[in-house]
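A.B. asks: Supplied structure: data11.pdb, PDB, C-alpha atoms and all ligand atoms.
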ATOM      1  CA  VAL D   7       0.000   0.000   0.000
ATOM      2  CA  THR D   8       1.436   3.385  -1.010
ATOM      3  CA  ALA D   9       0.770   6.546   1.011
ATOM      4  CA  PRO D  10      -1.835   8.874  -0.518
ATOM      5  CA  ARG D  11      -0.355  11.599  -2.689
ATOM      6  CA  SER D  12      -0.937  15.224  -1.814
ATOM      7  CA  ALA D  13      -2.557  17.880  -4.000
ATOM      8  CA  TRP D  14      -2.270  21.552  -4.838
ATOM      9  CA  GLY D  15      -5.576  23.354  -4.225
ATOM     10  CA  ILE D  16      -7.077  25.685  -6.826
ATOM     11  CA  VAL D  17      -9.978  27.809  -5.564
ATOM     12  CA  VAL D  18     -11.959  29.275  -8.457
ATOM     13  CA  ALA D  19     -13.361  32.555  -7.185
ATOM     14  CA  ALA D  20     -13.593  34.726 -10.308
ATOM     15  CA  GLY D  21     -17.348  34.532 -10.950
ATOM     16  CA  ALA D  22     -19.572  37.599 -10.790
ATOM     17  CA  GLY D  23     -22.416  35.932  -8.911
ATOM     18  CA  GLU D  24     -25.122  37.216 -11.241
ATOM     19  CA  ARG D  25     -27.814  34.950  -9.780
ATOM     20  CA  LEU D  26     -27.040  36.248  -6.293
ATOM     21  CA  ALA D  27     -27.488  39.820  -7.586
ATOM     22  CA  ALA D  28     -25.184  41.378  -4.962
ATOM     23  CA  ALA D  29     -23.055  44.504  -5.382
ATOM     24  CA  THR D  30     -19.738  42.670  -4.815
ATOM     25  CA  PRO D  31     -18.314  39.604  -6.578
ATOM     26  CA  LYS D  32     -19.735  36.427  -5.022
ATOM     27  CA  ALA D  33     -16.398  35.317  -3.514
ATOM     28  CA  LEU D  34     -16.275  38.467  -1.354
ATOM     29  CA  ILE D  35     -19.782  38.140   0.072
ATOM     30  CA  ASP D  36     -19.861  37.754   3.839
ATOM     31  CA  LEU D  37     -20.896  34.517   5.498
ATOM     32  CA  GLY D  38     -20.854  34.724   9.300
ATOM     33  CA  GLY D  39     -18.040  37.291   9.439
ATOM     34  CA  GLN D  40     -15.768  35.997   6.648
ATOM     35  CA  PRO D  41     -16.063  36.201   2.866
ATOM     36  CA  LEU D  42     -16.967  33.025   0.976
ATOM     37  CA  VAL D  43     -13.469  32.743  -0.534
ATOM     38  CA  VAL D  44     -11.898  32.676   2.944
ATOM     39  CA  HIS D  45     -14.191  29.839   4.069
ATOM     40  CA  ALA D  46     -13.449  27.822   0.923
ATOM     41  CA  ALA D  47      -9.674  28.421   1.041
ATOM     42  CA  ARG D  48      -9.548  27.588   4.748
ATOM     43  CA  ALA D  49     -11.381  24.290   4.220
ATOM     44  CA  LEU D  50      -8.757  23.280   1.655
ATOM     45  CA  GLN D  51      -5.904  24.510   3.838
ATOM     46  CA  GLU D  52      -7.205  22.429   6.756
ATOM     47  CA  ALA D  53      -7.208  19.264   4.672
ATOM     48  CA  ARG D  54      -4.200  17.064   5.468
ATOM     49  CA  LEU D  55      -3.507  16.237   1.809
ATOM     50  CA  ILE D  56      -3.494  19.832   0.475
ATOM     51  CA  VAL D  57       0.055  21.259   0.291
ATOM     52  CA  GLY D  58      -0.590  24.752  -1.082
ATOM     53  CA  LEU D  59      -3.182  26.958  -2.689
ATOM     54  CA  SER D  60      -3.872  29.093  -5.743
ATOM     55  CA  VAL D  61      -6.914  31.356  -5.878
ATOM     56  CA  ALA D  62      -8.303  32.604  -9.211
ATOM     57  CA  ALA D  63      -9.711  36.056  -8.457
ATOM     58  CA  PRO D  64     -12.044  38.302 -10.450
ATOM     59  CA  PRO D  65      -9.796  40.561 -12.597
ATOM     60  CA  ASP D  66     -11.354  43.679 -11.042
ATOM     61  CA  ALA D  67     -11.017  42.409  -7.478
ATOM     62  CA  VAL D  68      -7.546  40.847  -7.351
ATOM     63  CA  ALA D  69      -6.289  43.190  -4.648
ATOM     64  CA  ALA D  70      -9.458  42.797  -2.562
ATOM     65  CA  VAL D  71      -9.184  38.983  -2.689
ATOM     66  CA  ALA D  72      -5.456  39.092  -1.860
ATOM     67  CA  ASP D  73      -6.063  41.432   1.091
ATOM     68  CA  THR D  74      -8.946  39.423   2.515
ATOM     69  CA  LEU D  75      -6.963  36.139   2.377
ATOM     70  CA  ASP D  76      -3.960  37.869   3.887
ATOM     71  CA  ALA D  77      -6.055  39.310   6.726
ATOM     72  CA  ALA D  78      -7.382  35.810   7.443
ATOM     73  CA  GLY D  79      -3.820  34.423   7.597
ATOM     74  CA  ILE D  80      -4.256  32.241   4.519
ATOM     75  CA  GLU D  81      -1.244  31.812   2.275
ATOM     76  CA  ALA D  82      -2.183  31.555  -1.399
ATOM     77  CA  THR D  83      -0.888  32.353  -4.864
ATOM     78  CA  ILE D  84      -3.366  34.776  -6.395
ATOM     79  CA  CYS D  85      -3.958  34.516 -10.128
ATOM     80  CA  LEU D  86      -6.162  36.297 -12.606
ATOM     81  CA  GLY D  87      -9.463  34.476 -13.253
ATOM     82  CA  GLY D  88     -10.927  34.202 -16.745
ATOM     83  CA  PRO D  89     -14.310  34.959 -18.327
ATOM     84  CA  THR D  90     -15.562  31.397 -17.707
ATOM     85  CA  ARG D  91     -15.046  28.900 -14.891
ATOM     86  CA  HIS D  92     -12.971  26.693 -17.198
ATOM     87  CA  ARG D  93     -10.642  29.585 -18.053
ATOM     88  CA  SER D  94     -10.256  30.358 -14.360
ATOM     89  CA  VAL D  95      -9.292  26.716 -13.736
ATOM     90  CA  LEU D  96      -6.682  26.932 -16.520
ATOM     91  CA  ALA D  97      -5.234  30.095 -14.918
ATOM     92  CA  GLY D  98      -5.043  28.285 -11.579
ATOM     93  CA  LEU D  99      -3.340  25.290 -13.204
ATOM     94  CA  GLU D 100      -0.678  27.528 -14.710
ATOM     95  CA  SER D 101       0.116  28.941 -11.293
ATOM     96  CA  CYS D 102       0.744  25.506  -9.725
ATOM     97  CA  PRO D 103       4.354  24.803  -8.826
ATOM     98  CA  GLY D 104       6.126  22.043 -10.750
ATOM     99  CA  GLY D 105       6.372  18.648  -9.117
ATOM    100  CA  VAL D 106       2.803  18.662  -7.839
ATOM    101  CA  ALA D 107       1.209  15.312  -8.755
ATOM    102  CA  LEU D 108      -2.438  16.152  -8.094
ATOM    103  CA  VAL D 109      -4.620  19.262  -8.292
ATOM    104  CA  ALA D 110      -7.879  19.824  -6.375
ATOM    105  CA  VAL D 111     -10.216  22.348  -8.034
ATOM    106  CA  HIS D 112     -12.743  23.813  -5.603
ATOM    107  CA  ASP D 113     -15.529  26.386  -6.033
ATOM    108  CA  ALA D 114     -15.285  29.435  -3.750
ATOM    109  CA  ALA D 115     -19.089  29.219  -3.877
ATOM    110  CA  ARG D 116     -18.927  26.025  -1.737
ATOM    111  CA  PRO D 117     -17.721  27.548   1.554
ATOM    112  CA  LEU D 118     -18.849  24.790   3.940
ATOM    113  CA  VAL D 119     -17.106  21.793   2.379
ATOM    114  CA  ALA D 120     -15.606  19.541   5.071
ATOM    115  CA  ALA D 121     -11.822  19.041   5.109
ATOM    116  CA  SER D 122     -12.516  15.300   5.494
ATOM    117  CA  VAL D 123     -14.377  15.298   2.168
ATOM    118  CA  VAL D 124     -11.424  17.103   0.549
ATOM    119  CA  ASP D 125      -8.987  14.475   1.872
ATOM    120  CA  ARG D 126     -11.247  11.576   0.866
ATOM    121  CA  THR D 127     -11.471  12.931  -2.679
ATOM    122  CA  VAL D 128      -7.714  13.530  -2.998
ATOM    123  CA  ALA D 129      -6.965  10.012  -1.698
ATOM    124  CA  ALA D 130      -9.372   8.521  -4.269
ATOM    125  CA  VAL D 131      -7.130   9.501  -7.199
ATOM    126  CA  GLU D 132      -4.899   6.431  -7.205
ATOM    127  CA  GLY D 133      -4.223   3.383  -9.350
ATOM    128  CA  PRO D 134      -6.389   3.487 -12.479
ATOM    129  CA  TRP D 135      -8.384   6.508 -11.245
ATOM    130  CA  VAL D 136      -7.142   9.775 -12.753
ATOM    131  CA  ALA D 137      -9.875  12.030 -11.329
ATOM    132  CA  ALA D 138     -12.380  12.039  -8.462
ATOM    133  CA  ALA D 139     -15.194  14.166  -7.069
ATOM    134  CA  PRO D 140     -17.621  14.050  -4.126
ATOM    135  CA  ALA D 141     -21.194  13.285  -5.154
ATOM    136  CA  LEU D 142     -24.637  12.837  -3.627
ATOM    137  CA  PRO D 143     -27.499  10.697  -4.914
ATOM    138  CA  VAL D 144     -30.186  12.705  -6.734
ATOM    139  CA  VAL D 145     -33.148  13.059  -4.348
ATOM    140  CA  ASP D 146     -35.969  14.401  -6.532
ATOM    141  CA  THR D 147     -37.925  12.332  -9.022
ATOM    142  CA  LEU D 148     -36.607  13.134 -12.497
ATOM    143  CA  LYS D 149     -38.888  13.621 -15.495
ATOM    144  CA  GLU D 150     -38.003  14.157 -19.109
ATOM    145  CA  ALA D 151     -40.486  16.520 -20.822
ATOM    146  CA  ASP D 152     -41.036  18.170 -24.197
ATOM    147  CA  ALA D 153     -41.196  21.939 -24.808
ATOM    148  CA  THR D 154     -44.916  22.080 -23.873
ATOM    149  CA  GLY D 155     -44.223  20.536 -20.464
ATOM    150  CA  ARG D 156     -45.686  17.158 -21.415
ATOM    151  CA  VAL D 157     -43.835  14.399 -19.600
ATOM    152  CA  ILE D 158     -42.203  11.897 -21.912
ATOM    153  CA  ARG D 159     -40.803   9.591 -19.283
ATOM    154  CA  THR D 160     -39.582   9.196 -15.739
ATOM    155  CA  VAL D 161     -35.806   8.899 -15.638
ATOM    156  CA  ASP D 162     -34.307   6.076 -13.563
ATOM    157  CA  ARG D 163     -32.344   8.002 -10.958
ATOM    158  CA  SER D 164     -30.715   4.992  -9.272
ATOM    159  CA  ARG D 165     -27.490   5.606 -11.173
ATOM    160  CA  LEU D 166     -27.586   9.431 -11.190
ATOM    161  CA  TRP D 167     -25.450  11.628  -8.949
ATOM    162  CA  SER D 168     -25.138  15.345  -8.189
ATOM    163  CA  VAL D 169     -21.454  16.247  -8.322
ATOM    164  CA  GLN D 170     -19.789  18.716  -5.955
ATOM    165  CA  THR D 171     -16.234  19.993  -5.614
ATOM    166  CA  PRO D 172     -13.298  19.633  -5.015
ATOM    167  CA  GLN D 173     -12.708  17.839  -8.274
ATOM    168  CA  VAL D 174      -9.296  16.238  -8.005
ATOM    169  CA  PHE D 175      -7.091  15.340 -10.962
ATOM    170  CA  ASP D 176      -3.878  13.581 -11.709
ATOM    171  CA  ARG D 177      -2.132  16.658 -13.034
ATOM    172  CA  SER D 178      -0.377  15.070 -16.000
ATOM    173  CA  ALA D 179      -3.543  13.214 -17.056
ATOM    174  CA  LEU D 180      -5.481  16.501 -16.928
ATOM    175  CA  GLU D 181      -2.809  18.336 -18.907
ATOM    176  CA  ARG D 182      -2.749  15.562 -21.523
ATOM    177  CA  ALA D 183      -6.554  15.592 -21.796
ATOM    178  CA  LEU D 184      -6.614  19.391 -22.100
ATOM    179  CA  ALA D 185      -3.943  19.274 -24.823
ATOM    180  CA  THR D 186      -6.109  17.012 -26.990
ATOM    181  CA  ALA D 187      -9.424  18.769 -26.177
ATOM    182  CA  ASP D 188     -10.994  21.175 -28.685
ATOM    183  CA  PRO D 189      -9.790  24.578 -27.389
ATOM    184  CA  SER D 190     -12.958  26.311 -28.673
ATOM    185  CA  THR D 191     -15.206  24.294 -26.337
ATOM    186  CA  ASP D 192     -15.761  25.507 -22.822
ATOM    187  CA  PRO D 193     -16.656  22.518 -20.654
ATOM    188  CA  THR D 194     -18.743  23.072 -17.492
ATOM    189  CA  ASP D 195     -16.098  21.156 -15.584
ATOM    190  CA  GLU D 196     -12.779  19.427 -16.207
ATOM    191  CA  LEU D 197     -14.110  15.958 -15.338
ATOM    192  CA  THR D 198     -15.852  16.204 -18.712
ATOM    193  CA  VAL D 199     -12.461  16.641 -20.384
ATOM    194  CA  ILE D 200     -11.115  13.523 -18.642
ATOM    195  CA  GLU D 201     -14.244  11.537 -19.559
ATOM    196  CA  ALA D 202     -13.882  12.556 -23.225
ATOM    197  CA  ALA D 203     -10.272  11.356 -23.156
ATOM    198  CA  GLY D 204     -11.417   7.987 -21.773
ATOM    199  CA  GLY D 205      -9.968   8.506 -18.272
ATOM    200  CA  ALA D 206     -11.503   6.814 -15.220
ATOM    201  CA  VAL D 207     -13.393   9.307 -13.023
ATOM    202  CA  ARG D 208     -14.309   8.122  -9.528
ATOM    203  CA  LEU D 209     -17.208   9.398  -7.410
ATOM    204  CA  VAL D 210     -16.765   9.408  -3.634
ATOM    205  CA  GLU D 211     -19.262  10.111  -0.864
ATOM    206  CA  GLY D 212     -20.064  13.836  -0.662
ATOM    207  CA  ASP D 213     -21.708  15.750   2.145
ATOM    208  CA  PRO D 214     -24.782  18.023   2.012
ATOM    209  CA  ARG D 215     -22.649  20.879   3.418
ATOM    210  CA  GLY D 216     -20.709  20.916   0.157
ATOM    211  CA  PHE D 217     -23.671  22.554  -1.614
ATOM    212  CA  LYS D 218     -23.072  25.545  -3.892
ATOM    213  CA  ILE D 219     -24.276  29.031  -3.094
ATOM    214  CA  THR D 220     -26.129  30.111  -6.210
ATOM    215  CA  TYR D 221     -29.266  32.032  -5.137
ATOM    216  CA  PRO D 222     -29.882  34.354  -2.152
ATOM    217  CA  GLY D 223     -31.734  31.579  -0.286
ATOM    218  CA  ASP D 224     -28.591  29.427  -0.390
ATOM    219  CA  LEU D 225     -26.751  32.117   1.565
ATOM    220  CA  LEU D 226     -29.444  32.055   4.269
ATOM    221  CA  LEU D 227     -29.133  28.261   4.503
ATOM    222  CA  ALA D 228     -25.334  28.486   4.780
ATOM    223  CA  GLU D 229     -25.640  31.116   7.537
ATOM    224  CA  ALA D 230     -28.009  28.877   9.489
ATOM    225  CA  LEU D 231     -25.756  25.803   9.089
ATOM    226  CA  LEU D 232     -22.681  27.775  10.124
ATOM    227  CA  ALA D 233     -24.426  29.232  13.176
ATOM    228  CA  ALA D 234     -25.676  25.793  14.190
ATOM    229  CA  SER D 235     -22.223  24.193  13.890
ATOM    230  CA  GLU D 236     -20.589  26.994  15.878
ATOM    231  CA  GLY D 237     -23.120  26.405  18.646
TER     232      GLY D 237
HETATM  233  N1  LIG Y   1     -16.020  30.976 -11.529
HETATM  234  C1  LIG Y   1     -14.755  31.482 -11.881
HETATM  235  N2  LIG Y   1     -14.610  32.206 -13.030
HETATM  236  C2  LIG Y   1     -15.670  32.460 -13.821
HETATM  237  C3  LIG Y   1     -16.958  31.943 -13.494
HETATM  238  C4  LIG Y   1     -17.099  31.202 -12.325
HETATM  239  O1  LIG Y   1     -13.790  31.267 -11.151
HETATM  240  N3  LIG Y   1     -15.495  33.201 -14.902
HETATM  241  C5  LIG Y   1     -16.167  30.273 -10.251
HETATM  242  C6  LIG Y   1     -17.093  31.013  -9.306
HETATM  243  O2  LIG Y   1     -16.358  32.042  -8.633
HETATM  244  C7  LIG Y   1     -17.605  29.918  -8.393
HETATM  245  C8  LIG Y   1     -17.539  28.662  -9.272
HETATM  246  O3  LIG Y   1     -16.792  29.017 -10.440
HETATM  247  O4  LIG Y   1     -16.790  29.735  -7.242
HETATM  248  C9  LIG Y   1     -18.927  28.164  -9.638
HETATM  249  O5  LIG Y   1     -19.583  29.127 -10.456
HETATM  250  P1  LIG Y   1     -21.014  29.774 -10.136
HETATM  251  O6  LIG Y   1     -21.614  29.197  -8.923
HETATM  252  O7  LIG Y   1     -21.765  29.775 -11.424
HETATM  253  O8  LIG Y   1     -20.579  31.274  -9.720
HETATM  254  P2  LIG Y   1     -20.771  32.606 -10.543
HETATM  255  O9  LIG Y   1     -20.411  32.371 -11.966
HETATM  256  O10 LIG Y   1     -20.060  33.661  -9.796
HETATM  257  O11 LIG Y   1     -22.363  32.871 -10.389
HETATM  258  P3  LIG Y   1     -23.387  33.239 -11.564
HETATM  259  O12 LIG Y   1     -23.307  32.104 -12.558
HETATM  260  O13 LIG Y   1     -24.707  33.350 -10.860
HETATM  261  O14 LIG Y   1     -22.893  34.550 -12.130
HETATM  262 MG    MG Y   2     -21.557  30.982 -13.199
END
With the file now loaded, output its structure as structure tokens.
Ligand code: CTP
Ligand code: MG
C.D. replies:
Amino acid sequence: VTAPRSAWGIVVAAGAGERLAAATPKALIDLGGQPLVVHAARALQEARLIVGLSVAAPPDAVAAVADTLDAAGIEATICLGGPTRHRSVLAGLESCPGGVALVAVHDAARPLVAASVVDRTVAAVEGPWVAAAPALPVVDTLKEADATGRVIRTVDRSRLWSVQTPQVFDRSALERALATADPSTDPTDELTVIEAAGGAVRLVEGDPRGFKITYPGDLLLAEALLAASEG
């Protein structure tokens, strides 16, 4: 048995947060006294298998992100995020030091991820597995419908999963897959790139606290969960 390899963390924090409709970029929105990006970066930093961090910041808020991480005592390489999540991930990848075997890409919009989930996901990238992500079973009944709303069929959800982050990659496998991917496409995530290249992607047990803050109600839920866990 070989010891689990460690990973470089990439926090993607460059989104505008249009669906949240706040005045500041989403990553800088306060959750219980700290901005979302601080919560997310700290969760990665607390994971045993994360050795260092890059944070992709919104181009117009690089200094604000750097200052807020600094004030929270979090050491990170700040890089310039791109116009899409995928481009922000690529910027983060470029800022990784050489010699790092694995990278863990995490959404700043998932501030309450547990460090144990991060470690479990990093450890899962071994042997034939070149990527891994935490996932939860889909809970709602799924229907396929036409444009008029008429249901065509009920989808069997027993094999369907909702995927969270961090998404962890064998770095060289990801770089190889990206090199052969069509550069004009903009995948929603990099697992898709690995899947297209035929790489084995592994799902591990996620946690409901890894949910993504998308709408204002999600922020209220996160505040309540944080307050409850702090007693
Ligand atoms: N992200 C990024 N760069 C972008 C777009 C998104 O780094 N150009 C990051 C976001 O900061 C977030 C994660 O990707 O941590 C998931 O994206 P999402 O939840 O869609 O955040 P936003 O794009 O900010 O929100 P919205 O789509 O509502 O504008
Ligand atoms: Mg978005």
A.B. asks: All residues within 6 Å of ligand LIG 1 (chain Y) are required, counting all atoms listed in the file; please report them as a list of chain:residue names.
C.D. replies: D:Val18, D:Ala19, D:Ala20, D:Gly21, D:Ala22, D:Gly23, D:Glu24, D:Arg25, D:Leu26, D:Lys32, D:Ala62, D:Gly87, D:Gly88, D:Pro89, D:Thr90, D:Arg91, D:Ser94, D:Asp113, D:Ala114, D:Ala115, D:Thr220
A.B. asks: Which is closest to ligand MG 2 (chain Y) among D:Gly15, D:Ile219, D:Val174, D:Asp76, if we use all atoms listed in the file?
C.D. replies: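 Counting all atoms listed in the file, the residue closest to ligand MG 2 (chain Y) is D:Ile219.
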A.B. asks: For the PyMOL selection byres (((chain D and resi 40) around 12) and not hetatm), applied here, can you spell out every residue it catches as a PyMOL selection string?
C.D. replies: chain D and resi 33-39+41-48+71+74-75+77-78+117-118+229+232
A.B. asks: Find the residue from D:His92, D:Arg126, D:Ala53, D:Gly105 that sits nearest to ligand MG 2 (chain Y); use only C-alpha atoms and all ligand atoms when measuring.
C.D. replies: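 Closest residue, counting only C-alpha atoms and all ligand atoms: D:His92.
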A.B. asks: Give as a PyMOL selection string the residues that the PyMOL selection byres (((chain D and resi 162) around 12) and not hetatm) matches when applied to the coordinates above.
C.D. replies: chain D and resi 143-150+159-161+163-167
A.B. asks: Near Val106 of chain D, counting all atoms listed in the file, which residues have an atom at most 10 Å away, once you skip same-chain residues fewer than 4 positions from it, shown as a list of chain:residue names?
C.D. replies: D:Arg11, D:Ser12, D:Ala13, D:Trp14, D:Val57, D:Gly58, D:Cys102, D:Asp176, D:Arg177, D:Ser178
A.B. asks: Let me make sure I understand: among D:Pro31, D:Gly237, D:Gly204, D:Pro140, which one has the smallest atom-to-atom distance to Ala120 of chain D if we use all atoms listed in the file?
C.D. replies: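 For Ala120 of chain D, the nearest of the candidates is D:Pro140.
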A.B. asks: Please expand the PyMOL selection byres (((chain D and resi 136) around 9) and not hetatm) into the concrete residues it hits in this file, giving the result as JSON, numbers by chain.
C.D. replies: {"D": [130, 131, 132, 133, 134, 135, 137, 138, 174, 175, 176, 177, 179, 180, 200, 205, 206, 207, 208]}
A.B. asks: Atom CA of Pro222 of chain D to atom CA of Glu52 of chain D: how many Å, to one decimal?
C.D. replies: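 Interatomic distance, atom CA of Pro222 of chain D to atom CA of Glu52 of chain D: 27.1 Å.
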A.B. asks: Using atom CA of Leu59 of chain D and atom CA of Ala203 of chain D as the two end points, give the distance in Å to one decimal.
C.D. replies: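 It comes out at 26.7 Å.
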A.B. asks: I want to know what sits within 9 Å of Val68 of chain D, based on only C-alpha atoms, with residues of the same chain fewer than 5 positions away left out; could you give that as a PDB file with C-alpha atoms, keeping the file's coordinate frame?
C.D. replies:
ATOM      1  CA  ALA D  62      -8.303  32.604  -9.211  1.00  0.00           C
ATOM      2  CA  ALA D  63      -9.711  36.056  -8.457  1.00  0.00           C
ATOM      3  CA  ASP D  73      -6.063  41.432   1.091  1.00  0.00           C
ATOM      4  CA  ILE D  84      -3.366  34.776  -6.395  1.00  0.00           C
ATOM      5  CA  CYS D  85      -3.958  34.516 -10.128  1.00  0.00           C
ATOM      6  CA  LEU D  86      -6.162  36.297 -12.606  1.00  0.00           C
ATOM      7  CA  GLY D  87      -9.463  34.476 -13.253  1.00  0.00           C
TER       8      GLY D  87
END
A.B. asks: Give me, please, the distance in Å between atom CA of Ala110 of chain D and atom CA of Val128 of chain D, quoted to one decimal.
C.D. replies: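 These atoms are spaced 7.1 Å apart.
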A.B. asks: Show me the residues close to (-22.6, 16.3, -2.2) - anything with an atom within 6 Å, counting only C-alpha atoms - and format the list as a PyMOL selection string.
C.D. replies: chain D and resi 140-142+170+212-214+216
A.B. asks: Measuring between only C-alpha atoms, which one of D:Leu231, D:Ile16, D:Leu197, D:Leu55 shows the shortest distance to Asp125 of chain D?
C.D. replies: D:Leu55
